[in-house]
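Peer 1: So I've got this file, query-v4.txt, and it contains compact mmCIF, C-alpha atoms:
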```txt
# COMPACT_ATOMS: atom_id res chain seq x y z
CA GLU H 1 104.71 95.77 151.05
CA LEU H 2 105.70 94.48 147.59
CA SER H 3 109.09 96.14 147.13
CA GLN H 4 111.03 92.98 147.94
CA ARG H 5 109.01 90.63 145.74
CA ALA H 6 109.85 89.62 142.18
CA GLY H 7 107.64 90.97 139.42
CA HIS H 8 107.44 91.96 135.77
CA ASP H 9 105.67 94.53 133.64
CA LEU H 10 102.42 92.53 133.65
CA ASN H 11 102.38 92.41 137.45
CA TYR H 12 102.99 96.14 137.85
CA LEU H 13 100.36 96.95 135.24
CA ALA H 14 97.89 94.63 136.98
CA MET H 15 98.50 96.33 140.34
CA SER H 16 97.99 99.78 138.78
CA GLY H 17 94.42 98.92 137.80
CA ILE H 18 95.06 99.66 134.12
CA LEU H 19 95.40 96.07 132.92
CA SER H 20 91.77 95.51 133.90
CA ARG H 21 90.74 97.97 131.17
CA ILE H 22 92.77 96.46 128.30
CA GLY H 23 91.20 93.70 126.23
CA ARG H 24 88.18 92.68 124.17
CA SER H 25 84.67 92.46 125.57
CA GLY H 26 84.04 89.11 127.23
CA ASP H 27 87.70 88.16 127.10
CA LYS H 28 90.40 88.26 129.77
CA PRO H 29 92.72 91.29 130.19
CA THR H 30 95.33 91.39 127.40
CA PRO H 31 99.06 92.06 128.04
CA PRO H 32 100.05 95.09 125.87
CA LEU H 33 103.56 93.68 125.33
CA ASN H 34 105.80 95.00 128.13
CA LEU H 35 105.66 98.63 127.07
CA VAL H 36 103.43 100.33 129.64
CA ALA H 37 105.03 99.56 133.01
CA ASP H 38 108.59 98.57 132.08
CA PHE H 39 109.43 101.21 129.50
CA ALA H 40 106.87 104.00 129.89
CA GLY H 41 105.93 103.79 133.57
CA GLY H 42 109.44 102.71 134.54
CA SER H 43 112.25 103.88 132.27
CA LEU H 44 110.73 107.07 130.85
CA ILE H 45 109.32 108.18 134.20
CA CYS H 46 112.74 107.52 135.77
CA VAL H 47 114.50 109.55 133.06
CA MET H 48 112.05 112.39 133.65
CA GLY H 49 112.84 112.22 137.35
CA ILE H 50 116.58 112.37 136.66
CA LEU H 51 116.15 115.41 134.42
CA LEU H 52 113.99 117.15 137.03
CA ALA H 53 116.58 116.38 139.71
CA LEU H 54 119.32 117.86 137.52
CA LEU H 55 117.27 121.02 137.05
CA GLU H 56 116.76 121.26 140.82
CA ARG H 57 120.48 120.80 141.39
CA ARG H 58 121.19 123.66 139.00
CA THR H 59 118.68 125.85 140.84
CA SER H 60 119.32 125.00 144.49
CA GLY H 61 122.52 122.98 144.45
CA LYS H 62 120.72 120.05 146.08
CA GLY H 63 120.26 116.61 144.62
CA GLN H 64 117.14 114.49 144.96
CA ILE H 65 116.31 110.85 145.61
CA ILE H 66 114.23 109.49 142.72
CA ASP H 67 111.65 106.83 143.53
CA ALA H 68 110.75 105.29 140.14
CA ASN H 69 107.99 102.86 141.08
CA MET H 70 106.71 101.10 137.94
CA THR H 71 103.20 100.53 139.30
CA HIS H 72 102.99 104.20 140.23
CA GLY H 73 104.41 105.19 136.85
CA ALA H 74 101.88 103.07 134.95
CA ALA H 75 99.02 104.50 137.00
CA TYR H 76 100.28 108.03 136.44
CA LEU H 77 100.37 107.47 132.68
CA ALA H 78 96.70 106.55 132.94
CA SER H 79 95.74 109.70 134.88
CA PHE H 80 93.32 110.57 132.08
CA ILE H 81 91.37 107.36 132.75
CA PHE H 82 91.34 107.82 136.52
CA LYS H 83 90.51 111.52 136.50
CA TYR H 84 88.06 111.86 133.66
CA GLY H 85 86.28 108.53 133.67
CA ASP H 86 83.46 109.97 135.75
CA LEU H 87 83.29 113.18 133.70
CA MET H 88 83.26 111.29 130.40
CA PRO H 89 81.32 108.07 131.09
CA ILE H 90 81.64 106.87 127.50
CA ILE H 91 85.32 106.13 128.28
CA THR H 92 84.96 103.84 131.31
CA GLU H 93 81.32 103.37 132.34
CA LYS H 94 80.91 99.93 130.75
CA PRO H 95 82.94 96.74 131.20
CA ARG H 96 86.27 96.24 129.49
CA GLY H 97 86.06 96.29 125.71
CA GLU H 98 82.71 98.08 125.52
CA ASN H 99 83.78 101.72 125.71
CA LEU H 100 85.00 104.44 123.37
CA LEU H 101 88.75 103.76 123.43
CA ASP H 102 89.09 100.10 124.45
CA SER H 103 87.87 98.37 121.25
CA GLY H 104 84.21 98.76 122.15
CA CYS H 105 83.69 101.52 119.60
CA PRO H 106 83.41 100.52 115.92
CA PHE H 107 85.00 103.72 114.64
CA TYR H 108 88.01 103.26 116.95
CA ASP H 109 89.20 99.76 116.15
CA THR H 110 91.06 97.57 113.64
CA TYR H 111 89.53 95.68 110.72
CA LYS H 112 90.66 92.75 108.62
CA THR H 113 90.98 93.34 104.89
CA SER H 114 90.61 90.95 101.98
CA ASP H 115 94.35 90.18 101.89
CA ASP H 116 94.39 89.08 105.56
CA LYS H 117 95.98 92.33 106.69
CA TYR H 118 94.52 95.05 108.89
CA ILE H 119 93.69 98.74 108.95
CA ALA H 120 93.31 101.00 111.96
CA VAL H 121 90.25 103.24 112.12
CA ALA H 122 90.26 106.12 114.61
CA ALA H 123 87.56 108.46 113.32
CA LEU H 124 86.60 109.80 116.74
CA GLU H 125 85.66 113.39 115.91
CA PRO H 126 82.53 114.24 113.87
CA LYS H 127 84.52 115.60 110.91
CA PHE H 128 86.57 112.42 110.57
CA PHE H 129 83.60 110.12 111.06
CA ASN H 130 81.62 112.03 108.46
CA ASN H 131 84.48 111.76 105.95
CA LEU H 132 84.80 108.04 106.64
CA THR H 133 81.16 107.13 106.21
CA ARG H 134 80.81 109.38 103.18
CA LEU H 135 83.68 107.68 101.38
CA LEU H 136 82.27 104.28 102.34
CA ASN H 137 78.80 105.33 101.10
CA LEU H 138 77.45 104.72 104.60
CA ASP H 139 76.63 108.29 105.63
CA SER H 140 72.89 107.74 105.23
CA SER H 141 73.01 104.53 107.29
CA PHE H 142 75.09 106.03 110.10
CA PRO H 143 74.60 109.81 110.29
CA THR H 144 77.17 111.80 112.20
CA SER H 145 74.44 113.36 114.34
CA THR H 146 73.92 110.04 116.16
CA TYR H 147 77.30 108.35 115.82
CA LEU H 148 77.95 108.42 119.58
CA ASP H 149 74.71 106.55 120.29
CA GLN H 150 76.09 103.24 121.55
CA SER H 151 72.92 101.40 120.60
CA THR H 152 73.96 101.82 116.96
CA TRP H 153 77.45 100.44 117.47
CA PRO H 154 76.77 96.69 117.01
CA GLU H 155 75.18 97.22 113.58
CA MET H 156 77.90 99.70 112.64
CA ARG H 157 80.64 97.25 113.60
CA GLU H 158 79.03 94.44 111.62
CA THR H 159 78.79 96.72 108.59
CA PHE H 160 82.38 97.91 108.90
CA ASN H 161 83.60 94.33 109.21
CA ARG H 162 81.75 93.34 106.06
CA VAL H 163 82.78 96.38 104.02
CA PHE H 164 86.48 96.41 104.92
CA ALA H 165 86.76 92.70 104.18
CA THR H 166 85.87 93.34 100.53
CA GLN H 167 89.11 95.13 99.59
CA THR H 168 92.83 94.97 100.32
CA ARG H 169 94.65 97.00 102.94
CA GLU H 170 96.36 98.96 100.17
CA HIS H 171 93.01 99.82 98.61
CA TRP H 172 91.59 101.23 101.84
CA THR H 173 94.81 103.07 102.64
CA THR H 174 94.83 104.72 99.23
CA THR H 175 91.10 105.45 99.26
CA LEU H 176 90.65 106.69 102.81
CA SER H 177 93.92 107.92 104.32
CA PRO H 178 94.35 111.09 102.19
CA HIS H 179 90.94 112.45 103.19
CA ASP H 180 91.13 113.08 106.95
CA THR H 181 89.47 109.84 107.97
CA CYS H 182 92.10 108.82 110.54
CA VAL H 183 92.59 105.50 108.76
CA THR H 184 96.06 103.95 108.52
CA PRO H 185 97.47 100.55 107.65
CA VAL H 186 98.49 98.30 110.53
CA LEU H 187 102.12 97.77 109.59
CA GLU H 188 104.18 94.74 110.54
CA LEU H 189 107.55 95.52 112.14
CA ASN H 190 109.48 94.97 108.92
CA GLU H 191 106.97 97.10 107.00
CA ALA H 192 107.28 99.98 109.44
CA LYS H 193 111.02 100.20 108.81
CA THR H 194 110.56 100.78 105.08
CA HIS H 195 107.27 102.70 104.92
CA SER H 196 107.74 105.94 103.01
CA ALA H 197 106.40 108.15 105.82
CA ASN H 198 108.77 106.61 108.35
CA VAL H 199 111.70 106.78 105.94
CA GLN H 200 110.95 110.44 105.27
CA SER H 201 110.90 111.13 109.00
CA SER H 202 114.11 109.13 109.55
CA ILE H 203 112.49 107.11 112.32
CA PHE H 204 114.62 104.00 111.80
CA GLN H 205 118.33 103.66 111.28
CA SER H 206 120.07 100.48 110.22
CA SER H 207 123.52 99.79 111.61
CA GLU H 208 125.87 97.27 110.07
CA ILE H 209 127.20 96.60 113.56
CA ASP H 210 123.85 96.28 115.32
CA GLY H 211 122.24 94.30 112.54
CA PRO H 212 118.46 94.91 112.67
CA SER H 213 117.06 98.38 112.08
CA ALA H 214 116.25 100.23 115.25
CA PRO H 215 114.32 103.45 115.91
CA LEU H 216 116.47 106.52 116.35
CA PRO H 217 116.24 108.28 119.71
CA ALA H 218 113.17 110.47 120.19
CA PRO H 219 112.40 113.30 120.49
CA VAL H 220 114.70 114.65 117.80
CA LEU H 221 116.78 117.56 119.10
CA SER H 222 117.92 120.34 116.79
CA GLU H 223 121.33 120.97 118.39
CA THR H 224 122.22 117.57 119.84
CA PRO H 225 120.28 114.90 117.93
CA GLY H 226 120.57 111.44 119.40
CA LYS H 227 122.10 108.50 117.59
CA ASN H 228 122.13 104.77 118.10
CA HIS H 229 125.29 103.54 119.78
CA PRO H 230 126.78 100.49 118.06
CA SER H 231 127.29 97.63 120.47
CA LYS H 232 128.79 94.19 120.28
CA ASN H 233 126.19 91.66 119.09
CA GLY H 234 123.61 94.44 119.14
CA HIS H 235 123.01 94.02 122.90
CA PHE H 236 123.25 96.61 125.65
CA GLN H 237 124.17 95.47 129.15
CA PRO H 238 124.25 97.26 132.51
CA GLY H 239 127.51 99.09 133.10
CA MET H 240 128.92 98.87 129.60
CA HIS H 241 129.03 102.67 129.19
CA THR H 242 129.66 103.72 132.81
CA LYS H 243 133.37 104.38 132.45
CA GLU H 244 132.98 106.06 129.06
CA ILE H 245 130.35 108.47 130.42
CA LEU H 246 132.31 109.34 133.56
CA LEU H 247 135.48 109.97 131.52
CA ASP H 248 133.47 112.28 129.26
CA MET H 249 132.31 114.12 132.39
CA GLY H 250 135.93 114.79 133.33
CA MET H 251 136.57 112.14 135.97
CA ARG H 252 139.99 110.51 136.08
CA SER H 253 140.44 106.77 135.63
CA GLU H 254 141.77 106.49 139.19
CA GLU H 255 138.60 108.10 140.58
CA ILE H 256 136.41 105.79 138.56
CA LYS H 257 138.36 102.74 139.74
CA ASP H 258 138.02 103.89 143.35
CA LEU H 259 134.23 104.25 142.99
CA GLN H 260 134.06 100.83 141.38
CA GLU H 261 136.02 99.22 144.22
CA GLN H 262 133.61 100.80 146.72
CA ASN H 263 130.65 99.36 144.75
CA VAL H 264 129.36 102.88 144.16
CA ILE H 265 129.27 102.30 140.39
CA PHE H 266 129.24 99.22 138.16
CA CYS H 267 131.51 99.00 135.13
CA ASN H 268 131.21 96.22 132.59
CA GLU H 269 133.40 97.11 129.63
CA ASN H 270 133.23 93.72 127.87
CA PRO H 271 129.67 92.55 128.51
CA GLY H 272 128.93 90.42 125.46
CA PHE H 273 125.51 88.82 125.89
CA GLN H 274 124.39 87.89 129.38
CA LYS H 275 121.38 85.87 130.31
CA SER H 276 118.96 87.22 132.89
CA LYS H 277 119.75 86.22 136.46
CA LEU H 278 116.05 85.89 137.27
```
Before anything else, please render the file you have as structure tokens.
Peer 2:
Amino acid sequence: ELSQRAGHDLNYLAMSGILSRIGRSGDKPTPPLNLVADFAGGSLICVMGILLALLERRTSGKGQIIDANMTHGAAYLASFIFKYGDLMPIITEKPRGENLLDSGCPFYDTYKTSDDKYIAVAALEPKFFNNLTRLLNLDSSFPTSTYLDQSTWPEMRETFNRVFATQTREHWTTTLSPHDTCVTPVLELNEAKTHSANVQSSIFQSSEIDGPSAPLPAPVLSETPGKNHPSKNGHFQPGMHTKEILLDMGMRSEEIKDLQEQNVIFCNENPGFQKSKL
């Protein structure tokens, strides 16, 4: 019904039902960038399909047609919400922004610090919540035995807001993070590239050709680790690696040219930067 209509990540996410669950209480649904449907529900699901098809080809010798529907992919990513919402009412029983994982819970949210930065608090399990309140000297006010009682959440949120606003992000990170509280700083993009933990894990790699730092491919493979491919102007365009890949696979230039002339493949060896045709 919708396959011939134009759309973007936000549209696919809206049609999956998941967008209705993302946002603050009393506010409209919030676009989570374009990560869920475009990249996760679309690209990653498609890559998984390609890999599964390659495995099937190795087993049976038959290829497969891969239907990578971004609405379907986004919904599938949210299987946990669809399947277990009824079994775990605290996740979905209330309106958007009033549940355990959607910003309705005070111990699973972000808080502004005195230097106008933010920390992320995700002390969901009893152990982590107990550590958090103990270090904040709030364990007597909010005992772990009743921390899932949603009637206590408004007062708890108000208290957390007040307490976290008294110190800097660095103070709370240093005070809370080492003690299993599930508290981390909310890093800006430029901060993430230089944070010691990310540097130690080699998450970002800066290329003189590409310019800005970019995350290295994940997951990291022991035998064939991925690497960022330098590209002109730092942009990747459809077809710019088609010929290179097919040559690496053993195809001859004449075969590649023949496929290109039949519109079976698309080669674009000098793409530069192209504006969207939409």
Peer 1: Quick one, how far is atom CA of Leu13 of chain H from atom CA of Leu44 of chain H?
Peer 2: 15.1 Å
Peer 1: What separation in Å, quoted to one decimal, exists between atom CA of Asn268 of chain H and atom CA of Leu33 of chain H?
Peer 2: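 Atom CA of Leu33 of chain H lies at a distance of 28.7 Å from atom CA of Asn268 of chain H.
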Peer 1: Give me, please, the distance in Å between atom CA of Ser140 of chain H and atom CA of Leu176 of chain H, quoted to one decimal.
Peer 2: 18.0 Å
Peer 1: Excluding segment 145-149 of chain H and any residue of its chain fewer than 3 positions from it, enumerate the residues within 9 Å of it, using only C-alpha atoms, and give them as an NGL selection string.
Peer 2: :H and (90 or 100 or 105 or 126 or 129 or 142 or 152-153)
Peer 1: Under the rule that all atoms listed in the file are counted, which of H:Gln237, H:Leu246, H:Glu158, H:Ile119 is the nearest residue to Glu269 of chain H?
Peer 2: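 Closest to Glu269 of chain H, using all atoms listed in the file: H:Gln237.
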Peer 1: At most 9 Å from (97.1, 91.3, 131.4), file frame, all atoms listed in the file: which residues, as a list in words?
Peer 2: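 Counting all atoms listed in the file, I find these residues within 9 Å of (97.1, 91.3, 131.4): Leu10, Asn11, Leu13, Ala14, Leu19, Ser20, Ile22, Gly23, Lys28, Pro29, Thr30, Pro31 and Pro32 of chain H.
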Peer 1: Next, dump the selected residues to file, keeping only C-alpha atoms, as a compact mmCIF listing (two decimals), in the frame of the given file.
Peer 2:
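Result file part-v9.txt:
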```
# COMPACT_ATOMS: atom_id res chain seq x y z
CA LEU H 10 102.42 92.53 133.65
CA ASN H 11 102.38 92.41 137.45
CA LEU H 13 100.36 96.95 135.24
CA ALA H 14 97.89 94.63 136.98
CA LEU H 19 95.40 96.07 132.92
CA SER H 20 91.77 95.51 133.90
CA ILE H 22 92.77 96.46 128.30
CA GLY H 23 91.20 93.70 126.23
CA LYS H 28 90.40 88.26 129.77
CA PRO H 29 92.72 91.29 130.19
CA THR H 30 95.33 91.39 127.40
CA PRO H 31 99.06 92.06 128.04
CA PRO H 32 100.05 95.09 125.87
```
Peer 1: Please work out which residues fall within 8 Å of (99.5, 96.6, 113.9), coordinates as given in the file, with only C-alpha atoms counting, and return them as a list in words.
Peer 2: Tyr118, Ile119, Ala120, Pro185, Val186, Leu187 and Glu188 of chain H
Peer 1: Using all atoms listed in the file, find the one residue out of H:Ala122, H:Met249, H:Leu138, H:Val199 that sits nearest to Asp102 of chain H.
Peer 2: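 Looking only at the distances to Asp102 of chain H, the closest residue turns out to be H:Ala122.
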Peer 1: Let me make sure I understand: among H:Ser43, H:Thr181, H:Asn161, H:Gln260, which one has the smallest atom-to-atom distance to Ala123 of chain H if we use all atoms listed in the file?
Peer 2: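 So, comparing all the options, the nearest one is H:Thr181.
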Peer 1: Using all atoms listed in the file, find the one residue out of H:Val183, H:Cys46, H:Leu135, H:Ala37 that sits nearest to Phe107 of chain H.
Peer 2: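 For Phe107 of chain H, the nearest of the given residues is H:Val183.
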Peer 1: Applying 12 Å and only C-alpha atoms, which residues near segment 60-66 of chain H remain after dropping the ones on its own chain fewer than 2 positions away? List them as JSON, numbers by chain.
Peer 2: {"H": [42, 45, 46, 47, 48, 49, 50, 51, 52, 53, 54, 55, 56, 57, 58, 68, 69]}
Peer 1: Hey, what's within 12 Å of Thr166 of chain H if we count only C-alpha atoms and toss same-chain stuff fewer than 6 positions away? As a count of residues only, please?
Peer 2: 11
Peer 1: Ranking H:Asn99, H:Asn263, H:Thr59, H:Gln200 by minimum distance to Gly85 of chain H and counting all atoms listed in the file, which one comes first?
Peer 2: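 For Gly85 of chain H, the nearest of the candidates is H:Asn99.
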Peer 1: Tell me, as a list in words, which residues lie within 12 Å of Leu189 of chain H, counting all atoms listed in the file; anything in the same chain fewer than 5 positions away does not count.
Peer 2: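 Close residues of Leu189 of chain H: Thr194, His195, Asn198, Phe204, Pro212, Ser213, Ala214 and Pro215 of chain H.
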Peer 1: Need to verify the contact set: Cys182 of chain H, 7 Å, all atoms listed in the file, exclusion of same-chain residues closer than 2 positions in sequence. Can you return it as a PDB file with C-alpha atoms, in the coordinates of the input?
Peer 2:
```pdb
ATOM      1  CA  VAL H 121      90.250 103.240 112.120  1.00  0.00           C
ATOM      2  CA  ALA H 122      90.260 106.120 114.610  1.00  0.00           C
ATOM      3  CA  ALA H 123      87.560 108.460 113.320  1.00  0.00           C
ATOM      4  CA  PHE H 128      86.570 112.420 110.570  1.00  0.00           C
ATOM      5  CA  SER H 177      93.920 107.920 104.320  1.00  0.00           C
ATOM      6  CA  ASP H 180      91.130 113.080 106.950  1.00  0.00           C
ATOM      7  CA  THR H 184      96.060 103.950 108.520  1.00  0.00           C
TER       8      THR H 184
END
```
